[in-house]
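See below for the structure under consideration.
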Amino acid sequence: FVYGTLRPGEANHRLFLRGRTAAEEPARLPGAVLYEGPGYPYAVERAGSGSGSGIAGELITPAAEAYGELLEALDLLEEYVGPGSPRNVYDRVAREAVRRDGSRVRAWVYLAAAPLAGRLALSGREIPGGDWLRR
């Protein structure tokens with residue numbers, strides 16, 4: 001699930017995803033909010049978010065032959081070192097995204113790592129409606 005510069009039409013989609021996907025479809029990530037970052041957004045989990053809330057984005061299905069290489073490249077882009085690393089800017093976690101038809105699918109998503117998420121909750125600027133493309 002992508003919600004910022006990896007969405008179709010954005011710069012990192014062209015650099016990392018173009019030609020490497022089997023499918024792309026609109027979806028939402030419930031239970032999360034989006035914060036403005038320095039040229040890109042941060043997603044943060046928020047308990048108790050309603051079913052109509054969440055983050056707008058896309059479910060990206062990588063082409064099978066590109067999966068491993070793509071995941072490695074995205075981990076580097078998102079400064080994800082590994083589970084629980086204090087060096088992570090984002091944590092790559094599995095969460096349920098909701099398709100337009102209401103069905104749910106488990107997907108990888110990069111969420112702001114805990115120290116950053118805490119700072120954003122205190123002083124970050126939330127993106128209304130959770131849609132990076134409509135900020």
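By order of appearance in the structure tokens: chains A, B, ..., then residues from 1 within every chain, and ligands from 1 in the order shown.
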Which polymer residues have any atom within 12 Å of an atom of stretch 31-35 of chain A, counting only C-alpha atoms, with same-chain residues fewer than 6 positions away left out, as a PDB file with N, CA, C and O atoms, in the first residue's frame?
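Below is the file part.pdb, written as the result:
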```
ATOM      1  N   VAL A   2       0.699   2.104  -0.969  1.00  0.00           N
ATOM      2  CA  VAL A   2       1.490   3.339  -1.061  1.00  0.00           C
ATOM      3  C   VAL A   2       0.559   4.542  -0.936  1.00  0.00           C
ATOM      4  O   VAL A   2      -0.590   4.496  -1.366  1.00  0.00           O
ATOM      5  N   TYR A   3       1.061   5.631  -0.339  1.00  0.00           N
ATOM      6  CA  TYR A   3       0.193   6.767  -0.034  1.00  0.00           C
ATOM      7  C   TYR A   3       0.826   8.119  -0.337  1.00  0.00           C
ATOM      8  O   TYR A   3       0.176   9.151  -0.164  1.00  0.00           O
ATOM      9  N   GLY A   4       2.048   8.170  -0.788  1.00  0.00           N
ATOM     10  CA  GLY A   4       2.726   9.454  -1.004  1.00  0.00           C
ATOM     11  C   GLY A   4       3.397   9.521  -2.357  1.00  0.00           C
ATOM     12  O   GLY A   4       2.751   9.411  -3.398  1.00  0.00           O
ATOM     13  N   PRO A  41       5.055  12.471   2.706  1.00  0.00           N
ATOM     14  CA  PRO A  41       4.241  12.332   3.916  1.00  0.00           C
ATOM     15  C   PRO A  41       4.731  11.227   4.850  1.00  0.00           C
ATOM     16  O   PRO A  41       5.553  10.387   4.466  1.00  0.00           O
ATOM     17  N   TYR A  42       4.195  11.255   6.058  1.00  0.00           N
ATOM     18  CA  TYR A  42       4.407  10.198   7.041  1.00  0.00           C
ATOM     19  C   TYR A  42       3.049   9.642   7.443  1.00  0.00           C
ATOM     20  O   TYR A  42       2.164  10.419   7.823  1.00  0.00           O
ATOM     21  N   ALA A  43       2.885   8.348   7.404  1.00  0.00           N
ATOM     22  CA  ALA A  43       1.676   7.689   7.903  1.00  0.00           C
ATOM     23  C   ALA A  43       1.937   7.242   9.328  1.00  0.00           C
ATOM     24  O   ALA A  43       3.012   6.738   9.647  1.00  0.00           O
ATOM     25  N   VAL A  44       0.936   7.450  10.187  1.00  0.00           N
ATOM     26  CA  VAL A  44       1.029   7.082  11.596  1.00  0.00           C
ATOM     27  C   VAL A  44      -0.259   6.369  11.981  1.00  0.00           C
ATOM     28  O   VAL A  44      -1.350   6.838  11.650  1.00  0.00           O
ATOM     29  N   GLU A  45      -0.123   5.248  12.688  1.00  0.00           N
ATOM     30  CA  GLU A  45      -1.311   4.546  13.163  1.00  0.00           C
ATOM     31  C   GLU A  45      -2.009   5.388  14.212  1.00  0.00           C
ATOM     32  O   GLU A  45      -1.367   6.066  15.011  1.00  0.00           O
ATOM     33  N   ARG A  46      -3.340   5.336  14.180  1.00  0.00           N
ATOM     34  CA  ARG A  46      -4.135   6.033  15.187  1.00  0.00           C
ATOM     35  C   ARG A  46      -5.280   5.120  15.581  1.00  0.00           C
ATOM     36  O   ARG A  46      -6.168   4.853  14.774  1.00  0.00           O
ATOM     37  N   ALA A  47      -5.235   4.648  16.806  1.00  0.00           N
ATOM     38  CA  ALA A  47      -6.284   3.771  17.320  1.00  0.00           C
ATOM     39  C   ALA A  47      -7.600   4.534  17.381  1.00  0.00           C
ATOM     40  O   ALA A  47      -7.631   5.730  17.649  1.00  0.00           O
ATOM     41  N   GLY A  48      -8.667   3.823  17.089  1.00  0.00           N
ATOM     42  CA  GLY A  48      -9.995   4.406  17.206  1.00  0.00           C
ATOM     43  C   GLY A  48     -10.428   5.223  16.005  1.00  0.00           C
ATOM     44  O   GLY A  48     -11.489   5.826  16.037  1.00  0.00           O
ATOM     45  N   SER A  49      -9.636   5.234  14.934  1.00  0.00           N
ATOM     46  CA  SER A  49     -10.066   5.957  13.740  1.00  0.00           C
ATOM     47  C   SER A  49     -11.289   5.249  13.167  1.00  0.00           C
ATOM     48  O   SER A  49     -11.344   4.031  13.120  1.00  0.00           O
ATOM     49  N   GLY A  50     -12.270   6.008  12.750  1.00  0.00           N
ATOM     50  CA  GLY A  50     -13.504   5.431  12.216  1.00  0.00           C
ATOM     51  C   GLY A  50     -13.308   4.731  10.895  1.00  0.00           C
ATOM     52  O   GLY A  50     -12.293   4.895  10.228  1.00  0.00           O
ATOM     53  N   SER A  51     -14.310   3.962  10.502  1.00  0.00           N
ATOM     54  CA  SER A  51     -14.195   3.182   9.266  1.00  0.00           C
ATOM     55  C   SER A  51     -14.134   4.064   8.027  1.00  0.00           C
ATOM     56  O   SER A  51     -13.603   3.671   7.007  1.00  0.00           O
ATOM     57  N   GLY A  52     -14.709   5.282   8.095  1.00  0.00           N
ATOM     58  CA  GLY A  52     -14.660   6.172   6.950  1.00  0.00           C
ATOM     59  C   GLY A  52     -13.378   6.983   6.878  1.00  0.00           C
ATOM     60  O   GLY A  52     -13.146   7.705   5.935  1.00  0.00           O
ATOM     61  N   SER A  53     -12.570   6.890   7.885  1.00  0.00           N
ATOM     62  CA  SER A  53     -11.332   7.664   7.911  1.00  0.00           C
ATOM     63  C   SER A  53     -10.189   6.810   7.390  1.00  0.00           C
ATOM     64  O   SER A  53     -10.373   5.715   6.911  1.00  0.00           O
ATOM     65  N   GLY A  54      -9.015   7.339   7.524  1.00  0.00           N
ATOM     66  CA  GLY A  54      -7.835   6.610   7.084  1.00  0.00           C
ATOM     67  C   GLY A  54      -7.082   7.379   6.030  1.00  0.00           C
ATOM     68  O   GLY A  54      -7.283   8.576   5.843  1.00  0.00           O
ATOM     69  N   ILE A  55      -6.221   6.665   5.367  1.00  0.00           N
ATOM     70  CA  ILE A  55      -5.330   7.263   4.377  1.00  0.00           C
ATOM     71  C   ILE A  55      -5.704   6.766   2.986  1.00  0.00           C
ATOM     72  O   ILE A  55      -5.905   5.566   2.779  1.00  0.00           O
ATOM     73  N   ALA A  56      -5.756   7.680   2.031  1.00  0.00           N
ATOM     74  CA  ALA A  56      -5.993   7.331   0.635  1.00  0.00           C
ATOM     75  C   ALA A  56      -4.684   6.905  -0.006  1.00  0.00           C
ATOM     76  O   ALA A  56      -3.632   7.468   0.276  1.00  0.00           O
ATOM     77  N   GLY A  57      -4.751   5.908  -0.853  1.00  0.00           N
ATOM     78  CA  GLY A  57      -3.562   5.453  -1.551  1.00  0.00           C
ATOM     79  C   GLY A  57      -3.891   4.398  -2.588  1.00  0.00           C
ATOM     80  O   GLY A  57      -5.028   4.319  -3.051  1.00  0.00           O
ATOM     81  N   ARG A  95      -0.474  -4.567   7.133  1.00  0.00           N
ATOM     82  CA  ARG A  95      -1.749  -4.036   7.618  1.00  0.00           C
ATOM     83  C   ARG A  95      -2.832  -4.340   6.590  1.00  0.00           C
ATOM     84  O   ARG A  95      -2.543  -4.588   5.427  1.00  0.00           O
ATOM     85  N   GLU A  96      -4.087  -4.259   7.014  1.00  0.00           N
ATOM     86  CA  GLU A  96      -5.197  -4.466   6.089  1.00  0.00           C
ATOM     87  C   GLU A  96      -5.563  -3.156   5.413  1.00  0.00           C
ATOM     88  O   GLU A  96      -5.812  -2.154   6.089  1.00  0.00           O
ATOM     89  N   ALA A  97      -5.602  -3.188   4.103  1.00  0.00           N
ATOM     90  CA  ALA A  97      -6.088  -2.067   3.310  1.00  0.00           C
ATOM     91  C   ALA A  97      -7.476  -2.444   2.797  1.00  0.00           C
ATOM     92  O   ALA A  97      -7.804  -3.621   2.666  1.00  0.00           O
ATOM     93  N   VAL A  98      -8.276  -1.421   2.504  1.00  0.00           N
ATOM     94  CA  VAL A  98      -9.650  -1.645   2.067  1.00  0.00           C
ATOM     95  C   VAL A  98      -9.799  -1.174   0.626  1.00  0.00           C
ATOM     96  O   VAL A  98      -9.524  -0.005   0.314  1.00  0.00           O
ATOM     97  N   VAL A 109       3.055  -1.805   4.230  1.00  0.00           N
ATOM     98  CA  VAL A 109       2.958  -0.348   4.230  1.00  0.00           C
ATOM     99  C   VAL A 109       4.092   0.182   5.101  1.00  0.00           C
ATOM    100  O   VAL A 109       4.494  -0.459   6.078  1.00  0.00           O
ATOM    101  N   TYR A 110       4.621   1.325   4.732  1.00  0.00           N
ATOM    102  CA  TYR A 110       5.671   1.968   5.525  1.00  0.00           C
ATOM    103  C   TYR A 110       5.016   3.017   6.419  1.00  0.00           C
ATOM    104  O   TYR A 110       4.440   3.986   5.926  1.00  0.00           O
ATOM    105  N   LEU A 111       5.113   2.795   7.748  1.00  0.00           N
ATOM    106  CA  LEU A 111       4.585   3.729   8.738  1.00  0.00           C
ATOM    107  C   LEU A 111       5.756   4.400   9.445  1.00  0.00           C
ATOM    108  O   LEU A 111       6.807   3.781   9.627  1.00  0.00           O
ATOM    109  N   ALA A 112       5.565   5.633   9.865  1.00  0.00           N
ATOM    110  CA  ALA A 112       6.614   6.343  10.612  1.00  0.00           C
ATOM    111  C   ALA A 112       7.020   5.508  11.822  1.00  0.00           C
ATOM    112  O   ALA A 112       6.167   4.990  12.545  1.00  0.00           O
ATOM    113  N   LEU A 116       9.576   8.930  15.645  1.00  0.00           N
ATOM    114  CA  LEU A 116       9.077   9.957  14.734  1.00  0.00           C
ATOM    115  C   LEU A 116       7.561  10.088  14.870  1.00  0.00           C
ATOM    116  O   LEU A 116       7.033  11.203  14.912  1.00  0.00           O
ATOM    117  N   ALA A 117       6.858   8.976  14.974  1.00  0.00           N
ATOM    118  CA  ALA A 117       5.402   9.010  15.124  1.00  0.00           C
ATOM    119  C   ALA A 117       5.006   9.796  16.369  1.00  0.00           C
ATOM    120  O   ALA A 117       4.040  10.572  16.344  1.00  0.00           O
ATOM    121  N   GLY A 118       5.747   9.626  17.452  1.00  0.00           N
ATOM    122  CA  GLY A 118       5.475  10.374  18.679  1.00  0.00           C
ATOM    123  C   GLY A 118       5.642  11.870  18.495  1.00  0.00           C
ATOM    124  O   GLY A 118       4.811  12.667  18.956  1.00  0.00           O
ATOM    125  N   ARG A 119       6.714  12.269  17.809  1.00  0.00           N
ATOM    126  CA  ARG A 119       6.946  13.702  17.556  1.00  0.00           C
ATOM    127  C   ARG A 119       5.853  14.287  16.656  1.00  0.00           C
ATOM    128  O   ARG A 119       5.375  15.399  16.884  1.00  0.00           O
ATOM    129  N   LEU A 120       5.451  13.519  15.639  1.00  0.00           N
ATOM    130  CA  LEU A 120       4.404  13.998  14.733  1.00  0.00           C
ATOM    131  C   LEU A 120       3.082  14.178  15.467  1.00  0.00           C
ATOM    132  O   LEU A 120       2.364  15.157  15.235  1.00  0.00           O
ATOM    133  N   ALA A 121       2.743  13.250  16.355  1.00  0.00           N
ATOM    134  CA  ALA A 121       1.496  13.353  17.114  1.00  0.00           C
ATOM    135  C   ALA A 121       1.472  14.612  17.978  1.00  0.00           C
ATOM    136  O   ALA A 121       0.423  15.207  18.189  1.00  0.00           O
ATOM    137  N   LEU A 122       2.642  15.039  18.455  1.00  0.00           N
ATOM    138  CA  LEU A 122       2.722  16.231  19.300  1.00  0.00           C
ATOM    139  C   LEU A 122       2.736  17.535  18.506  1.00  0.00           C
ATOM    140  O   LEU A 122       2.114  18.510  18.896  1.00  0.00           O
ATOM    141  N   SER A 123       3.472  17.548  17.394  1.00  0.00           N
ATOM    142  CA  SER A 123       3.652  18.836  16.716  1.00  0.00           C
ATOM    143  C   SER A 123       3.579  18.770  15.190  1.00  0.00           C
ATOM    144  O   SER A 123       3.874  19.758  14.532  1.00  0.00           O
ATOM    145  N   GLY A 124       3.175  17.632  14.621  1.00  0.00           N
ATOM    146  CA  GLY A 124       3.102  17.510  13.167  1.00  0.00           C
ATOM    147  C   GLY A 124       1.861  18.163  12.591  1.00  0.00           C
ATOM    148  O   GLY A 124       0.907  18.475  13.301  1.00  0.00           O
ATOM    149  N   ARG A 125       1.889  18.389  11.299  1.00  0.00           N
ATOM    150  CA  ARG A 125       0.739  18.958  10.586  1.00  0.00           C
ATOM    151  C   ARG A 125       0.028  17.844   9.846  1.00  0.00           C
ATOM    152  O   ARG A 125       0.555  17.290   8.876  1.00  0.00           O
ATOM    153  N   GLU A 126      -1.167  17.510  10.311  1.00  0.00           N
ATOM    154  CA  GLU A 126      -1.956  16.437   9.707  1.00  0.00           C
ATOM    155  C   GLU A 126      -2.515  16.889   8.363  1.00  0.00           C
ATOM    156  O   GLU A 126      -2.927  18.041   8.210  1.00  0.00           O
ATOM    157  N   ILE A 127      -2.526  15.982   7.401  1.00  0.00           N
ATOM    158  CA  ILE A 127      -3.094  16.266   6.082  1.00  0.00           C
ATOM    159  C   ILE A 127      -4.583  15.927   6.140  1.00  0.00           C
ATOM    160  O   ILE A 127      -4.945  14.759   6.322  1.00  0.00           O
ATOM    161  N   PRO A 128      -5.454  16.936   6.032  1.00  0.00           N
ATOM    162  CA  PRO A 128      -6.895  16.690   6.119  1.00  0.00           C
ATOM    163  C   PRO A 128      -7.360  15.684   5.071  1.00  0.00           C
ATOM    164  O   PRO A 128      -6.954  15.736   3.913  1.00  0.00           O
ATOM    165  N   GLY A 129      -8.175  14.733   5.503  1.00  0.00           N
ATOM    166  CA  GLY A 129      -8.701  13.721   4.596  1.00  0.00           C
ATOM    167  C   GLY A 129      -7.729  12.603   4.286  1.00  0.00           C
ATOM    168  O   GLY A 129      -8.079  11.650   3.608  1.00  0.00           O
ATOM    169  N   GLY A 130      -6.465  12.726   4.745  1.00  0.00           N
ATOM    170  CA  GLY A 130      -5.497  11.661   4.550  1.00  0.00           C
ATOM    171  C   GLY A 130      -5.111  11.390   3.112  1.00  0.00           C
ATOM    172  O   GLY A 130      -4.727  10.282   2.763  1.00  0.00           O
ATOM    173  N   ASP A 131      -5.193  12.409   2.258  1.00  0.00           N
ATOM    174  CA  ASP A 131      -4.884  12.207   0.836  1.00  0.00           C
ATOM    175  C   ASP A 131      -3.750  13.136   0.417  1.00  0.00           C
ATOM    176  O   ASP A 131      -3.931  14.349   0.260  1.00  0.00           O
ATOM    177  N   TRP A 132      -2.570  12.562   0.210  1.00  0.00           N
ATOM    178  CA  TRP A 132      -1.368  13.309  -0.189  1.00  0.00           C
ATOM    179  C   TRP A 132      -1.580  14.076  -1.480  1.00  0.00           C
ATOM    180  O   TRP A 132      -1.082  15.194  -1.652  1.00  0.00           O
ATOM    181  N   LEU A 133      -2.349  13.532  -2.414  1.00  0.00           N
ATOM    182  CA  LEU A 133      -2.549  14.184  -3.707  1.00  0.00           C
ATOM    183  C   LEU A 133      -3.483  15.387  -3.629  1.00  0.00           C
ATOM    184  O   LEU A 133      -3.514  16.200  -4.543  1.00  0.00           O
ATOM    185  N   ARG A 134      -4.233  15.523  -2.529  1.00  0.00           N
ATOM    186  CA  ARG A 134      -5.182  16.635  -2.372  1.00  0.00           C
ATOM    187  C   ARG A 134      -4.787  17.597  -1.269  1.00  0.00           C
ATOM    188  O   ARG A 134      -5.600  18.363  -0.784  1.00  0.00           O
ATOM    189  N   ARG A 135      -3.517  17.579  -0.894  1.00  0.00           N
ATOM    190  CA  ARG A 135      -3.069  18.433   0.207  1.00  0.00           C
ATOM    191  C   ARG A 135      -3.075  19.898  -0.166  1.00  0.00           C
ATOM    192  O   ARG A 135      -3.100  20.290  -1.275  1.00  0.00           O
TER     193      ARG A 135
END
```
Legend entry - Neighbour list for A:Glu78 as a PyMOL selection string, cut-off 9 Å, only C-alpha atoms, skip fewer than 5 positions in-chain: chain A and resi 73+88-92+110
Got time to write the residues from that selection, N, CA, C and O atoms, as a tab-separated table (two decimals), in the first residue's frame?
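The result, written out as part.tsv:
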```
chain	number	residue	atom	x	y	z
A	73	ALA	N	14.70	-2.19	-2.88
A	73	ALA	CA	14.84	-0.78	-3.28
A	73	ALA	C	13.94	0.12	-2.45
A	73	ALA	O	14.35	1.22	-2.04
A	88	ASN	N	15.57	2.96	11.83
A	88	ASN	CA	14.45	3.08	10.90
A	88	ASN	C	13.82	4.46	10.97
A	88	ASN	O	13.55	4.98	12.05
A	89	VAL	N	13.57	5.05	9.80
A	89	VAL	CA	12.73	6.24	9.71
A	89	VAL	C	11.29	5.77	9.58
A	89	VAL	O	10.38	6.30	10.21
A	90	TYR	N	11.08	4.75	8.76
A	90	TYR	CA	9.79	4.09	8.60
A	90	TYR	C	9.95	2.63	9.02
A	90	TYR	O	11.02	2.05	8.89
A	91	ASP	N	8.85	2.05	9.51
A	91	ASP	CA	8.79	0.61	9.74
A	91	ASP	C	7.93	0.01	8.64
A	91	ASP	O	6.86	0.56	8.32
A	92	ARG	N	8.39	-1.10	8.05
A	92	ARG	CA	7.56	-1.81	7.06
A	92	ARG	C	6.75	-2.84	7.82
A	92	ARG	O	7.30	-3.74	8.44
A	110	TYR	N	4.62	1.32	4.73
A	110	TYR	CA	5.67	1.97	5.53
A	110	TYR	C	5.02	3.02	6.42
A	110	TYR	O	4.44	3.99	5.93
```
Legend entry - Residue list (strand (DSSP E), DSSP) for chain A, as an MDAnalysis selection string: chainID A and resid 21:29 32:35 42:45 55:62 90:99 104:112
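Distances to A:Trp108 were evaluated for A:Glu36, A:Glu10, A:Asp75, A:Glu25 using only C-alpha atoms, and the minimum falls at A:Asp75.
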Inset, instruction - Would you mind reading off the distance between atom CA of A:Val81 and atom CA of A:Thr61, one decimal, in Å? - result: 22.1 Å
Inset, instruction - Run DSSP on the backbone and grab whatever in stretch 18-127 of chain A lands in alpha helix (DSSP H); send it over as a list in words. - result: Tyr67, Gly68, Glu69, Leu70, Leu71, Glu72, Ala73, Leu74, Asp75, Leu76, Leu77, Ala114, Pro115, Leu116, Ala117, Gly118, Arg119, Leu120, Ala121, Leu122 and Ser123 of chain A
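Note that atom CA of A:Pro115 and atom CA of A:Glu58 are 26.0 Å apart.
Take the candidates A:Ala11, A:Ile60, A:Leu74, A:Leu6 and check each one against A:Pro26 using only C-alpha atoms; the shortest distance goes to A:Ile60.
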Inset, instruction - For A:Gly19, list every protein, DNA or RNA residue within 10 Å, evaluated using only C-alpha atoms, and leave out those in the same chain fewer than 3 positions away; present the list as a list in words. - result: His13, Arg14, Leu15, Phe16, Ala22, Pro62, Ala63 and Ala66 of chain A
Take the residues just selected and output them with N, CA, C and O atoms as a CSV table (one decimal), in the first residue's frame.
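See again-v9.csv below for the written result:
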```
chain,number,residue,atom,x,y,z
A,13,HIS,N,7.0,7.0,-8.0
A,13,HIS,CA,6.3,6.0,-8.8
A,13,HIS,C,7.1,5.7,-10.1
A,13,HIS,O,7.3,4.6,-10.5
A,14,ARG,N,7.4,6.8,-10.8
A,14,ARG,CA,8.1,6.7,-12.0
A,14,ARG,C,9.5,6.1,-11.8
A,14,ARG,O,9.9,5.2,-12.6
A,15,LEU,N,10.2,6.4,-10.8
A,15,LEU,CA,11.5,5.9,-10.5
A,15,LEU,C,11.6,4.5,-10.1
A,15,LEU,O,12.5,3.7,-10.5
A,16,PHE,N,10.6,4.1,-9.2
A,16,PHE,CA,10.7,2.7,-8.6
A,16,PHE,C,9.7,1.7,-9.1
A,16,PHE,O,9.9,0.5,-9.1
A,22,ALA,N,2.2,-5.5,-11.5
A,22,ALA,CA,1.2,-6.3,-12.2
A,22,ALA,C,-0.2,-5.7,-12.1
A,22,ALA,O,-1.0,-5.9,-12.9
A,62,PRO,N,3.4,-5.9,-7.1
A,62,PRO,CA,4.6,-6.0,-7.9
A,62,PRO,C,4.5,-7.2,-8.9
A,62,PRO,O,3.9,-8.2,-8.6
A,63,ALA,N,5.1,-7.0,-10.0
A,63,ALA,CA,5.3,-8.1,-11.0
A,63,ALA,C,6.2,-9.2,-10.2
A,63,ALA,O,7.1,-8.8,-9.5
A,66,ALA,N,9.9,-9.0,-10.2
A,66,ALA,CA,10.5,-7.8,-9.7
A,66,ALA,C,10.3,-7.7,-8.2
A,66,ALA,O,10.9,-6.8,-7.6
```
